[in-house]
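Next comes work_15.cif, a file with mmCIF, C-alpha atoms (C1' of nucleotides).
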```cif
data_data
#
loop_
_atom_site.label_atom_id
_atom_site.label_comp_id
_atom_site.auth_asym_id
_atom_site.auth_seq_id
_atom_site.Cartn_x
_atom_site.Cartn_y
_atom_site.Cartn_z
CA MET Y 1 0.00 0.00 0.00
CA ILE Y 2 2.76 2.39 1.00
CA SER Y 3 4.77 0.95 -1.90
CA MET Y 4 2.79 2.89 -4.48
CA TYR Y 5 4.35 5.99 -2.96
CA LYS Y 6 7.91 4.65 -2.98
CA LYS Y 7 8.90 6.73 -5.96
CA TYR Y 8 7.57 9.93 -4.39
CA VAL Y 9 9.05 9.20 -0.98
CA LYS Y 10 12.42 8.98 -2.69
CA ILE Y 11 11.94 12.28 -4.48
CA LEU Y 12 11.08 14.06 -1.24
CA LYS Y 13 13.93 12.37 0.67
CA ASP Y 14 16.40 13.31 -2.05
CA HIS Y 15 15.40 16.92 -1.58
CA ALA Y 16 15.35 16.74 2.23
CA ILE Y 17 11.66 17.60 2.33
CA ILE Y 18 9.62 16.25 5.22
CA ILE Y 19 7.42 13.41 4.02
CA THR Y 20 3.70 13.96 4.54
CA SER Y 21 0.73 12.39 2.86
CA PRO Y 22 -0.56 15.54 1.18
CA ARG Y 23 2.84 16.03 -0.43
CA LEU Y 24 2.99 12.43 -1.61
CA ASP Y 25 -0.53 12.58 -2.96
CA ILE Y 26 0.02 15.84 -4.80
CA LEU Y 27 3.23 14.58 -6.33
CA LYS Y 28 1.56 11.34 -7.38
CA PHE Y 29 -1.37 13.24 -8.82
CA LEU Y 30 0.85 15.47 -10.92
CA ASP Y 31 2.92 12.48 -12.02
CA GLU Y 32 -0.20 10.68 -13.19
CA HIS Y 33 -2.03 13.65 -14.67
CA HIS Y 34 -0.04 15.58 -17.18
CA THR Y 35 -2.96 17.90 -17.82
CA HIS Y 36 -1.47 20.93 -16.05
CA PRO Y 37 -4.17 21.08 -13.38
CA ASP Y 38 -4.84 24.13 -11.26
CA VAL Y 39 -5.09 24.15 -7.46
CA GLU Y 40 -8.83 23.60 -7.52
CA GLU Y 41 -8.58 20.46 -9.65
CA ILE Y 42 -5.85 18.99 -7.48
CA TYR Y 43 -7.73 19.86 -4.31
CA THR Y 44 -11.07 18.47 -5.50
CA SER Y 45 -9.54 15.23 -6.74
CA LEU Y 46 -7.50 14.51 -3.62
CA LYS Y 47 -10.23 15.62 -1.23
CA LYS Y 48 -12.23 12.50 -2.16
CA LYS Y 49 -9.62 10.09 -0.78
CA HIS Y 50 -8.36 12.42 1.93
CA PRO Y 51 -11.38 14.38 3.23
CA SER Y 52 -9.47 16.39 5.80
CA LEU Y 53 -7.31 17.96 3.10
CA SER Y 54 -7.25 21.74 3.14
CA ARG Y 55 -6.87 24.00 0.17
CA THR Y 56 -4.14 25.86 2.02
CA THR Y 57 -2.19 22.63 2.27
CA VAL Y 58 -2.37 22.20 -1.47
CA TYR Y 59 -1.03 25.74 -1.93
CA ASN Y 60 1.72 25.15 0.64
CA SER Y 61 2.74 21.78 -0.73
CA LEU Y 62 2.88 23.00 -4.29
CA GLU Y 63 5.01 25.89 -3.10
CA ILE Y 64 7.60 23.70 -1.43
CA LEU Y 65 7.72 21.33 -4.41
CA LYS Y 66 8.21 24.31 -6.66
CA LYS Y 67 10.98 25.79 -4.53
CA ASN Y 68 12.77 22.48 -4.83
CA LYS Y 69 12.33 22.51 -8.58
CA ILE Y 70 10.44 19.24 -8.57
CA ILE Y 71 7.45 20.90 -10.20
CA GLN Y 72 6.91 24.16 -12.00
CA SER Y 73 4.00 26.56 -12.21
CA LEU Y 74 2.70 27.92 -15.48
CA THR Y 75 1.21 31.39 -15.79
CA ILE Y 76 -0.07 30.70 -19.28
CA SER Y 77 -3.75 30.93 -18.42
CA GLY Y 78 -3.57 34.42 -16.99
CA SER Y 79 -5.88 33.62 -14.11
CA GLU Y 80 -4.98 30.53 -12.07
CA LEU Y 81 -1.56 28.96 -11.85
CA ARG Y 82 -1.21 25.57 -13.49
CA TYR Y 83 1.17 22.89 -12.27
CA ASP Y 84 3.47 20.52 -14.05
CA ILE Y 85 6.00 17.89 -13.00
CA LYS Y 86 9.39 19.00 -14.34
CA GLU Y 87 10.50 16.41 -16.85
CA GLY Y 88 12.71 17.64 -19.66
CA LEU Y 89 12.45 20.99 -21.33
CA HIS Y 90 9.29 21.64 -23.25
CA HIS Y 91 7.00 24.50 -24.14
CA HIS Y 92 3.25 24.84 -23.70
CA PHE Y 93 0.22 25.43 -25.84
CA LEU Y 94 -3.06 26.81 -24.49
CA CYS Y 95 -6.23 26.27 -26.48
CA LYS Y 96 -8.36 29.41 -26.31
CA HIS Y 97 -11.42 27.34 -27.12
CA CYS Y 98 -11.34 24.36 -24.74
CA GLY Y 99 -8.82 25.78 -22.26
CA ARG Y 100 -6.62 22.71 -22.29
CA ILE Y 101 -2.86 23.03 -22.07
CA PHE Y 102 -0.61 20.75 -24.11
CA ASP Y 103 3.09 20.06 -23.93
CA ILE Y 104 4.88 21.17 -27.05
CA SER Y 105 8.07 19.31 -27.74
CA ILE Y 106 9.63 21.80 -30.12
CA THR Y 107 13.06 22.97 -29.15
CA CYS Y 108 14.35 26.46 -29.18
CA PRO Y 109 17.89 27.85 -28.92
CA ASN Y 110 16.81 30.08 -26.04
CA MET Y 111 15.47 27.35 -23.76
CA ASN Y 112 18.80 26.87 -22.03
CA ARG Y 113 19.86 30.49 -21.96
CA THR Y 114 21.42 31.72 -18.75
CA VAL Y 115 21.74 35.32 -19.93
CA ALA Y 116 19.31 37.48 -21.90
CA GLY Y 117 19.67 41.21 -22.43
CA GLY Y 118 22.38 41.19 -19.79
CA HIS Y 119 20.02 39.74 -17.18
CA HIS Y 120 20.63 36.48 -15.37
CA VAL Y 121 18.07 33.90 -16.48
CA GLU Y 122 16.87 31.15 -14.18
CA GLU Y 123 13.70 30.05 -15.98
CA VAL Y 124 12.50 30.05 -19.55
CA GLN Y 125 8.94 29.38 -20.60
CA GLY Y 126 7.49 29.43 -24.09
CA TYR Y 127 3.75 29.88 -24.36
CA PHE Y 128 1.80 29.31 -27.53
CA LYS Y 129 -1.89 30.16 -27.70
CA GLY Y 130 -4.46 29.38 -30.33
CA ILE Y 131 -6.92 26.65 -31.25
CA CYS Y 132 -5.97 23.05 -30.61
CA LYS Y 133 -6.10 20.24 -33.13
CA LYS Y 134 -9.28 18.73 -31.72
CA CYS Y 135 -11.18 22.03 -31.51
CA GLN Y 136 -10.25 22.83 -35.09
CA THR Y 137 -11.61 19.50 -36.29
CA LYS Y 138 -14.82 20.04 -34.34
CA GLU Y 139 -15.16 23.49 -35.86
CA LYS Y 140 -14.70 22.12 -39.40
CA GLU Y 141 -17.29 19.42 -38.78
CA ARG Y 142 -19.69 22.01 -37.45
CA ARG Y 143 -19.26 24.10 -40.60
CA ASN Y 144 -19.68 21.11 -42.91
CA ASN Y 145 -22.73 19.65 -41.20
CA GLY Y 146 -24.71 22.63 -40.13
CA MET F 1 -4.49 70.24 -27.19
CA ILE F 2 -6.40 67.56 -29.07
CA SER F 3 -3.37 67.31 -31.36
CA MET F 4 -1.35 65.38 -28.82
CA TYR F 5 -3.87 62.62 -29.31
CA LYS F 6 -3.78 62.71 -33.11
CA LYS F 7 -1.69 59.57 -33.33
CA TYR F 8 -4.02 57.64 -31.05
CA VAL F 9 -7.17 58.92 -32.73
CA LYS F 10 -5.79 57.53 -35.97
CA ILE F 11 -5.07 54.15 -34.43
CA LEU F 12 -8.61 53.88 -33.08
CA LYS F 13 -10.15 55.12 -36.34
CA ASP F 14 -8.12 52.64 -38.35
CA HIS F 15 -9.57 49.86 -36.25
CA ALA F 16 -13.11 51.26 -36.31
CA ILE F 17 -13.11 51.65 -32.55
CA ILE F 18 -15.25 54.41 -31.07
CA ILE F 19 -13.04 57.26 -29.90
CA THR F 20 -13.33 58.10 -26.21
CA SER F 21 -10.98 59.89 -23.89
CA PRO F 22 -10.26 56.93 -21.63
CA ARG F 23 -9.19 54.92 -24.66
CA LEU F 24 -6.99 57.71 -25.98
CA ASP F 25 -5.43 58.24 -22.57
CA ILE F 26 -4.73 54.56 -22.01
CA LEU F 27 -3.21 54.19 -25.44
CA LYS F 28 -1.07 57.27 -24.90
CA PHE F 29 0.01 56.03 -21.51
CA LEU F 30 1.09 52.66 -22.86
CA ASP F 31 2.85 54.32 -25.76
CA GLU F 32 4.81 56.55 -23.40
CA HIS F 33 5.47 53.98 -20.68
CA HIS F 34 7.08 50.82 -21.91
CA THR F 35 7.23 49.44 -18.39
CA HIS F 36 4.49 46.84 -18.84
CA PRO F 37 2.18 48.42 -16.26
CA ASP F 38 -0.71 46.60 -14.66
CA VAL F 39 -4.30 47.89 -14.47
CA GLU F 40 -3.72 49.52 -11.11
CA GLU F 41 -0.76 51.55 -12.34
CA ILE F 42 -2.62 52.72 -15.42
CA TYR F 43 -5.71 53.55 -13.40
CA THR F 44 -3.85 55.45 -10.68
CA SER F 45 -1.82 57.49 -13.17
CA LEU F 46 -4.75 58.48 -15.35
CA LYS F 47 -7.10 59.12 -12.45
CA LYS F 48 -5.07 62.23 -11.56
CA LYS F 49 -5.89 64.02 -14.81
CA HIS F 50 -9.28 62.44 -15.29
CA PRO F 51 -10.83 62.03 -11.81
CA SER F 52 -14.06 60.44 -13.00
CA LEU F 53 -12.19 57.50 -14.50
CA SER F 54 -13.38 54.12 -13.32
CA ARG F 55 -11.30 51.01 -12.90
CA THR F 56 -13.88 49.09 -14.92
CA THR F 57 -13.32 51.46 -17.82
CA VAL F 58 -9.63 50.69 -17.73
CA TYR F 59 -10.41 46.98 -17.85
CA ASN F 60 -12.91 47.44 -20.68
CA SER F 61 -10.68 49.71 -22.72
CA LEU F 62 -7.69 47.43 -22.40
CA GLU F 63 -9.90 44.56 -23.49
CA ILE F 64 -11.05 46.24 -26.67
CA LEU F 65 -7.53 47.37 -27.52
CA LYS F 66 -6.36 43.83 -27.00
CA LYS F 67 -9.08 42.30 -29.16
CA ASN F 68 -7.95 44.64 -31.93
CA LYS F 69 -4.35 43.53 -31.44
CA ILE F 70 -3.19 47.08 -30.74
CA ILE F 71 -1.87 45.99 -27.36
CA GLN F 72 -1.12 42.66 -25.74
CA SER F 73 -1.40 41.36 -22.23
CA LEU F 74 1.40 39.50 -20.52
CA THR F 75 0.75 36.76 -17.98
CA ILE F 76 4.40 36.63 -16.96
CA SER F 77 3.87 37.84 -13.40
CA GLY F 78 1.41 35.13 -12.45
CA SER F 79 -0.85 37.50 -10.56
CA GLU F 80 -1.91 40.64 -12.43
CA LEU F 81 -1.93 41.06 -16.18
CA ARG F 82 0.64 43.45 -17.60
CA TYR F 83 0.06 45.49 -20.74
CA ASP F 84 2.26 46.32 -23.65
CA ILE F 85 1.86 48.21 -26.93
CA LYS F 86 2.46 45.74 -29.73
CA GLU F 87 5.52 46.90 -31.60
CA GLY F 88 7.58 44.21 -33.26
CA LEU F 89 8.15 40.74 -31.93
CA HIS F 90 10.07 40.52 -28.72
CA HIS F 91 10.23 38.39 -25.61
CA HIS F 92 10.06 39.39 -21.96
CA PHE F 93 12.20 39.11 -18.87
CA LEU F 94 10.79 39.34 -15.33
CA CYS F 95 13.16 40.17 -12.48
CA LYS F 96 12.22 38.07 -9.46
CA HIS F 97 13.90 40.62 -7.23
CA CYS F 98 12.56 44.02 -8.28
CA GLY F 99 9.55 42.77 -10.25
CA ARG F 100 10.31 44.83 -13.32
CA ILE F 101 9.66 43.44 -16.78
CA PHE F 102 12.08 44.11 -19.61
CA ASP F 103 11.78 43.64 -23.34
CA ILE F 104 14.23 41.08 -24.64
CA SER F 105 15.15 41.53 -28.26
CA ILE F 106 16.48 38.04 -28.90
CA THR F 107 14.87 36.26 -31.78
CA CYS F 108 13.68 32.73 -31.87
CA PRO F 109 12.68 30.46 -34.73
CA ASN F 110 9.35 29.75 -33.02
CA MET F 111 8.19 33.34 -32.71
CA ASN F 112 6.39 33.30 -36.02
CA ARG F 113 5.09 29.77 -35.83
CA THR F 114 1.53 29.23 -36.94
CA VAL F 115 1.51 25.54 -36.08
CA ALA F 116 2.92 23.71 -33.06
CA GLY F 117 2.23 20.10 -32.18
CA GLY F 118 -0.49 20.14 -34.81
CA HIS F 119 -2.29 22.98 -33.08
CA HIS F 120 -3.07 26.30 -34.72
CA VAL F 121 -0.97 29.05 -33.13
CA GLU F 122 -2.18 32.64 -32.91
CA GLU F 123 0.16 34.02 -30.24
CA VAL F 124 3.66 33.23 -29.07
CA GLN F 125 5.19 34.58 -25.90
CA GLY F 126 8.62 33.85 -24.49
CA TYR F 127 9.08 34.51 -20.80
CA PHE F 128 12.46 34.61 -19.09
CA LYS F 129 12.69 34.95 -15.33
CA GLY F 130 15.68 35.59 -13.12
CA ILE F 131 17.61 38.50 -11.66
CA CYS F 132 18.03 41.63 -13.73
CA LYS F 133 21.30 43.37 -14.47
CA LYS F 134 20.73 46.15 -11.96
CA CYS F 135 19.68 43.86 -9.11
CA GLN F 136 22.74 41.70 -9.69
CA THR F 137 25.03 44.71 -9.44
CA LYS F 138 23.32 45.87 -6.25
CA GLU F 139 23.72 42.40 -4.79
CA LYS F 140 27.45 42.34 -5.63
CA GLU F 141 27.93 45.77 -4.04
CA ARG F 142 26.10 44.64 -0.95
CA ARG F 143 28.40 41.63 -0.63
CA ASN F 144 31.57 43.69 -1.16
CA ASN F 145 30.68 46.49 1.22
CA GLY F 146 28.92 44.83 4.06
"C1'" DA N 1 8.05 2.41 21.99
"C1'" DT N 2 7.88 7.34 24.09
"C1'" DT N 3 8.73 11.98 24.34
"C1'" DC N 4 9.79 16.39 22.45
"C1'" DT N 5 10.23 20.16 19.26
"C1'" DA N 6 9.97 21.90 14.86
"C1'" DT N 7 7.25 21.76 11.06
"C1'" DT N 8 2.96 20.92 8.76
"C1'" DT N 9 -1.93 20.80 8.31
"C1'" DT N 10 -6.35 22.83 8.87
"C1'" DG N 11 -9.94 26.18 8.74
"C1'" DT N 12 -11.22 30.66 8.69
"C1'" DA N 13 -10.60 35.29 7.59
"C1'" DA N 14 -8.38 38.80 4.73
"C1'" DT N 15 -6.63 40.52 0.41
"C1'" DA N 16 -6.06 41.21 -4.53
"C1'" DA N 17 -7.46 40.94 -9.26
"C1'" DT N 18 -11.15 40.67 -12.12
"C1'" DT N 19 -15.96 40.42 -13.73
"C1'" DA N 20 -21.08 41.40 -13.60
"C1'" DC N 21 -24.41 44.61 -13.99
"C1'" DA N 22 -27.62 48.54 -13.95
"C1'" DA N 23 -27.89 53.52 -14.19
"C1'" DT N 24 -25.97 57.44 -16.36
"C1'" DT N 25 -23.36 59.65 -19.89
"C1'" DT N 26 -21.27 60.09 -24.31
"C1'" DT N 27 -20.35 59.10 -29.23
"C1'" DG N 28 -21.31 59.19 -33.97
"C1'" DT N 29 -24.93 59.76 -37.15
"C1'" DA N 30 -29.09 61.42 -39.21
"C1'" DT A 1 -30.11 69.11 -32.53
"C1'" DA A 2 -31.99 64.73 -31.54
"C1'" DC A 3 -31.57 59.82 -31.24
"C1'" DA A 4 -30.00 55.08 -30.67
"C1'" DA A 5 -26.19 52.41 -29.76
"C1'" DA A 6 -22.27 52.01 -27.22
"C1'" DA A 7 -19.26 53.42 -23.42
"C1'" DT A 8 -18.45 54.93 -18.69
"C1'" DT A 9 -19.22 54.76 -13.91
"C1'" DG A 10 -19.76 52.82 -9.34
"C1'" DT A 11 -20.95 49.19 -6.68
"C1'" DA A 12 -21.39 44.46 -5.70
"C1'" DA A 13 -20.00 39.77 -6.63
"C1'" DT A 14 -16.64 36.37 -7.78
"C1'" DT A 15 -12.21 34.01 -8.06
"C1'" DA A 16 -7.53 33.06 -6.83
"C1'" DT A 17 -4.41 33.50 -3.35
"C1'" DT A 18 -2.30 34.68 1.14
"C1'" DA A 19 -2.23 35.37 6.29
"C1'" DC A 20 -2.59 33.45 10.50
"C1'" DA A 21 -3.46 30.84 14.78
"C1'" DA A 22 -4.76 26.41 16.75
"C1'" DA A 23 -4.41 21.46 16.32
"C1'" DA A 24 -1.97 17.57 14.42
"C1'" DT A 25 2.10 15.15 12.74
"C1'" DA A 26 7.02 13.94 11.39
"C1'" DG A 27 11.40 12.79 12.58
"C1'" DA A 28 15.09 12.84 16.02
"C1'" DA A 29 16.57 11.62 20.52
"C1'" DT A 30 15.91 8.90 24.28
#
```
Let me see whether you can do it: turn the structure in this file into structure tokens.
Amino acid sequence: MISMYKKYVKILKDHAIIITSPRLDILKFLDEHHTHPDVEEIYTSLKKKHPSLSRTTVYNSLEILKKNKIIQSLTISGSELRYDIKEGLHHHFLCKHCGRIFDISITCPNMNRTVAGGHHVEEVQGYFKGICKKCQTKEKERRNNG
Amino acid sequence: MISMYKKYVKILKDHAIIITSPRLDILKFLDEHHTHPDVEEIYTSLKKKHPSLSRTTVYNSLEILKKNKIIQSLTISGSELRYDIKEGLHHHFLCKHCGRIFDISITCPNMNRTVAGGHHVEEVQGYFKGICKKCQTKEKERRNNG
DNA sequence: ATTCTATTTTGTAATAATTACAATTTTGTA
DNA sequence: TACAAAATTGTAATTATTACAAAATAGAAT
């Protein structure tokens, strides 16, 4: 039972973060859902299995995971922060129609930059916005049928 | 007196947007302040000369200017939206120390992309975050002197 | 296993950014 | 100058996030 958390226990131990069940659950959730969920989605999902969970705990846990560079937050939506397990460099695409966020695997010479305009760079994020593949298809079908 | 707005009147006319003083003032403000201000900064500045101005008007005006692609909003800060006159493609750098946002003139092969991961791209934004030139210098001085 | 202290979790209250909406005012046109 | 459509204003509501104090828990030491 505890074994399903082994991977996440190791991650926290490696970063000298105190191991707690909210942290393990959040990490597991993000590892299993690469949909860039916001706090509300994470909270609502985990609340079912762990009814005492507090929203504040989700905020706090995400914060400590972020500080340790285990996860990252995306500001792409412009309202809520979205969260993402950090696995390899990639960019993001936001569909203005359905609101979903996709990983974009294109590379870019600036992704690994440590200096830009004389400033010291610690993070680089590329955001693409438009209409996703699926929404475009739906739109075409709508035009053809009706 | 009206002549100082000539440029902005033309922009609005060209886009068939009804000409109103809040819109002219906001446009002028963004044209003269390339600091990527948020709504509060714009509102507070313009309120001095135009005391009846409402915050909602600032939101509405920015929205219509954005829809017409005269300005763009940046989500780089993660809390408030920042606004920018659209003049040539460029990326942005946010200093985590002083909070200022700088234009970064580096180019990138993905800036003009219209497709990414099969999705239709309408906007591309590159966000760099770290410590700006000035804050780095200050930090060095602090270490050397004290 | 038990105890202890620092840290975390919880729940509520506060804050900040944005949106909704109805009444009033203004714009552009006739 | 008058009119209809659209914009502005001010207030209230909503949403995302942060602050904070009390209760609970983790990990170290015994």
- [ ] Could you give me, as a ChimeraX atom specification, the residues within 9 Å of Thr20 (chain Y), counting all atoms listed in the file and dropping anything in the same chain fewer than 6 positions from it?
- [x] /N:8 /A:25-26
Task: Pick from F:Thr35, F:Ile64, F:Phe29, F:Ile11 nearest to chain A, counting all atoms listed in the file - done: F:Ile64
Open item on the list: For this structure, which residues satisfy the selection - the PyMOL selection byres ((chain F) within 8 of (chain A)) - when it is evaluated on the file as given? I want them as a list of chain:residue names.
Closed with: F:Ser52, F:Leu53, F:Ser54, F:Thr56, F:Thr57
For the selection just defined, write its residues with C-alpha atoms to a file, as a compact mmCIF listing (two decimals), keeping the file's coordinate frame.
```txt
# COMPACT_ATOMS: atom_id res chain seq x y z
CA SER F 52 -14.06 60.44 -13.00
CA LEU F 53 -12.19 57.50 -14.50
CA SER F 54 -13.38 54.12 -13.32
CA THR F 56 -13.88 49.09 -14.92
CA THR F 57 -13.32 51.46 -17.82
```
Would you mind listing, for every residue of chain F within 12 Å of chain Y, the two atoms forming the shortest contact and the distance between them in Å to one decimal, using all atoms listed in the file, sorted by chain and ascending residue number, as JSON lines?
```
{"residue": "F:Ser73", "atom": "CA", "partner": "Y:Gly78", "partner_atom": "CA", "distance": 9.0}
{"residue": "F:Leu74", "atom": "CA", "partner": "Y:Gly78", "partner_atom": "CA", "distance": 7.9}
{"residue": "F:Thr75", "atom": "CA", "partner": "Y:Gly78", "partner_atom": "CA", "distance": 5.0}
{"residue": "F:Ile76", "atom": "CA", "partner": "Y:Thr75", "partner_atom": "CA", "distance": 6.2}
{"residue": "F:Ser77", "atom": "CA", "partner": "Y:Thr75", "partner_atom": "CA", "distance": 7.4}
{"residue": "F:Gly78", "atom": "CA", "partner": "Y:Thr75", "partner_atom": "CA", "distance": 5.0}
{"residue": "F:Ser79", "atom": "CA", "partner": "Y:Ser79", "partner_atom": "CA", "distance": 7.3}
{"residue": "F:Glu80", "atom": "CA", "partner": "Y:Gly78", "partner_atom": "CA", "distance": 7.9}
{"residue": "F:Leu81", "atom": "CA", "partner": "Y:Gly78", "partner_atom": "CA", "distance": 6.9}
{"residue": "F:Arg82", "atom": "CA", "partner": "Y:Gly78", "partner_atom": "CA", "distance": 10.0}
{"residue": "F:His90", "atom": "CA", "partner": "Y:Gly117", "partner_atom": "CA", "distance": 11.5}
{"residue": "F:His91", "atom": "CA", "partner": "Y:Gly126", "partner_atom": "CA", "distance": 9.5}
{"residue": "F:His92", "atom": "CA", "partner": "Y:Ala116", "partner_atom": "CA", "distance": 9.4}
{"residue": "F:Phe93", "atom": "CA", "partner": "Y:Ala116", "partner_atom": "CA", "distance": 7.9}
{"residue": "F:Leu94", "atom": "CA", "partner": "Y:Val121", "partner_atom": "CA", "distance": 9.2}
{"residue": "F:Cys95", "atom": "CA", "partner": "Y:His119", "partner_atom": "CA", "distance": 8.3}
{"residue": "F:Lys96", "atom": "CA", "partner": "Y:Glu122", "partner_atom": "CA", "distance": 9.6}
{"residue": "F:His97", "atom": "CA", "partner": "Y:His120", "partner_atom": "CA", "distance": 11.3}
{"residue": "F:Arg100", "atom": "CA", "partner": "Y:His119", "partner_atom": "CA", "distance": 11.6}
{"residue": "F:Ile101", "atom": "CA", "partner": "Y:His119", "partner_atom": "CA", "distance": 11.0}
{"residue": "F:Phe102", "atom": "CA", "partner": "Y:Gly117", "partner_atom": "CA", "distance": 8.6}
{"residue": "F:Asp103", "atom": "CA", "partner": "Y:Gly117", "partner_atom": "CA", "distance": 8.3}
{"residue": "F:Ile104", "atom": "CA", "partner": "Y:Gly117", "partner_atom": "CA", "distance": 5.9}
{"residue": "F:Ser105", "atom": "CA", "partner": "Y:Gly117", "partner_atom": "CA", "distance": 7.4}
{"residue": "F:Ile106", "atom": "CA", "partner": "Y:Ala116", "partner_atom": "CA", "distance": 7.6}
{"residue": "F:Thr107", "atom": "CA", "partner": "Y:Asn110", "partner_atom": "CA", "distance": 8.7}
{"residue": "F:Cys108", "atom": "CA", "partner": "Y:Cys108", "partner_atom": "CA", "distance": 6.9}
{"residue": "F:Pro109", "atom": "CA", "partner": "Y:Cys108", "partner_atom": "CA", "distance": 7.0}
{"residue": "F:Asn110", "atom": "CA", "partner": "Y:Cys108", "partner_atom": "CA", "distance": 7.1}
{"residue": "F:Met111", "atom": "CA", "partner": "Y:Phe128", "partner_atom": "CA", "distance": 9.2}
{"residue": "F:Asn112", "atom": "CA", "partner": "Y:Phe128", "partner_atom": "CA", "distance": 10.4}
{"residue": "F:Arg113", "atom": "CA", "partner": "Y:Phe128", "partner_atom": "CA", "distance": 8.9}
{"residue": "F:Thr114", "atom": "CA", "partner": "Y:Gly130", "partner_atom": "CA", "distance": 8.9}
{"residue": "F:Val115", "atom": "CA", "partner": "Y:Gly130", "partner_atom": "CA", "distance": 9.1}
{"residue": "F:Ala116", "atom": "CA", "partner": "Y:Ile104", "partner_atom": "CA", "distance": 6.8}
{"residue": "F:Gly117", "atom": "CA", "partner": "Y:Ile104", "partner_atom": "CA", "distance": 5.9}
{"residue": "F:Gly118", "atom": "CA", "partner": "Y:Lys133", "partner_atom": "CA", "distance": 5.9}
{"residue": "F:His119", "atom": "CA", "partner": "Y:Cys132", "partner_atom": "CA", "distance": 4.4}
{"residue": "F:His120", "atom": "CA", "partner": "Y:Ile131", "partner_atom": "CA", "distance": 5.2}
{"residue": "F:Val121", "atom": "CA", "partner": "Y:Gly130", "partner_atom": "CA", "distance": 4.5}
{"residue": "F:Glu122", "atom": "CA", "partner": "Y:Gly130", "partner_atom": "CA", "distance": 4.7}
{"residue": "F:Glu123", "atom": "CA", "partner": "Y:Lys129", "partner_atom": "CA", "distance": 5.1}
{"residue": "F:Val124", "atom": "CA", "partner": "Y:Phe128", "partner_atom": "CA", "distance": 4.6}
{"residue": "F:Gln125", "atom": "CA", "partner": "Y:Tyr127", "partner_atom": "CA", "distance": 5.2}
{"residue": "F:Gly126", "atom": "CA", "partner": "Y:Gly126", "partner_atom": "CA", "distance": 4.6}
{"residue": "F:Tyr127", "atom": "CA", "partner": "Y:Gln125", "partner_atom": "CA", "distance": 5.1}
{"residue": "F:Phe128", "atom": "CA", "partner": "Y:Val124", "partner_atom": "CA", "distance": 4.6}
{"residue": "F:Lys129", "atom": "CA", "partner": "Y:Glu123", "partner_atom": "CA", "distance": 5.0}
{"residue": "F:Gly130", "atom": "CA", "partner": "Y:Val121", "partner_atom": "CA", "distance": 4.5}
{"residue": "F:Ile131", "atom": "CA", "partner": "Y:His120", "partner_atom": "CA", "distance": 5.2}
{"residue": "F:Cys132", "atom": "CA", "partner": "Y:His119", "partner_atom": "CA", "distance": 4.4}
{"residue": "F:Lys133", "atom": "CA", "partner": "Y:His119", "partner_atom": "CA", "distance": 4.7}
{"residue": "F:Lys134", "atom": "CA", "partner": "Y:His119", "partner_atom": "CA", "distance": 8.3}
{"residue": "F:Cys135", "atom": "CA", "partner": "Y:His119", "partner_atom": "CA", "distance": 9.1}
{"residue": "F:Gln136", "atom": "CA", "partner": "Y:His120", "partner_atom": "CA", "distance": 8.0}
{"residue": "F:Thr137", "atom": "CA", "partner": "Y:His119", "partner_atom": "CA", "distance": 10.5}
```
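Using all atoms listed in the file for every distance, the candidate list F:Lys47, F:Lys6, F:Lys66, F:Arg55 yields F:Arg55 as the residue closest to chain N.
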Residues of chain N within 10 Å of chain Y: nearest atom pair and distance (Å, one decimal) for each, counting only C-alpha atoms (C1' of nucleotides), sorted by chain and number, as a tab-separated table?
```
residue	atom	partner	partner_atom	distance
N:DT7	C1'	Y:Ile18	CA	8.4
N:DT8	C1'	Y:Thr20	CA	8.2
N:DT9	C1'	Y:Thr57	CA	6.3
N:DT10	C1'	Y:Ser54	CA	5.9
N:DG11	C1'	Y:Ser54	CA	7.6
N:DA17	C1'	Y:Ser79	CA	8.9
N:DT18	C1'	Y:Ser79	CA	9.0
```
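Here C1' of DA1 (chain N) stands at a distance of 26.7 Å from CA of Arg23 (chain Y).
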Open item on the list: Report, in Å with one decimal, the straight-line distance from CA of Glu41 (chain Y) to CA of Leu89 (chain Y).
Closed with: 24.1 Å
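By chain and then residue number, the residues within 10 Å of Ile42 (chain Y) are Asp25, Ile26, Phe29, Leu30, His33, His36, Arg55, Val58, Tyr59 and Tyr83 of chain Y, counting all atoms listed in the file and disregarding those fewer than 6 positions away in sequence.
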Writer output for current selection, C-alpha atoms, as a PDB file, in the coordinates of the input:
```
ATOM      1  CA  ASP Y  25      -0.530  12.580  -2.960  1.00  0.00           C
ATOM      2  CA  ILE Y  26       0.020  15.840  -4.800  1.00  0.00           C
ATOM      3  CA  PHE Y  29      -1.370  13.240  -8.820  1.00  0.00           C
ATOM      4  CA  LEU Y  30       0.850  15.470 -10.920  1.00  0.00           C
ATOM      5  CA  HIS Y  33      -2.030  13.650 -14.670  1.00  0.00           C
ATOM      6  CA  HIS Y  36      -1.470  20.930 -16.050  1.00  0.00           C
ATOM      7  CA  ARG Y  55      -6.870  24.000   0.170  1.00  0.00           C
ATOM      8  CA  VAL Y  58      -2.370  22.200  -1.470  1.00  0.00           C
ATOM      9  CA  TYR Y  59      -1.030  25.740  -1.930  1.00  0.00           C
ATOM     10  CA  TYR Y  83       1.170  22.890 -12.270  1.00  0.00           C
TER      11      TYR Y  83
END
```
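CA of Asp84 (chain Y) to CA of Gln72 (chain Y) spans 5.4 Å [interatomic distance, one decimal].
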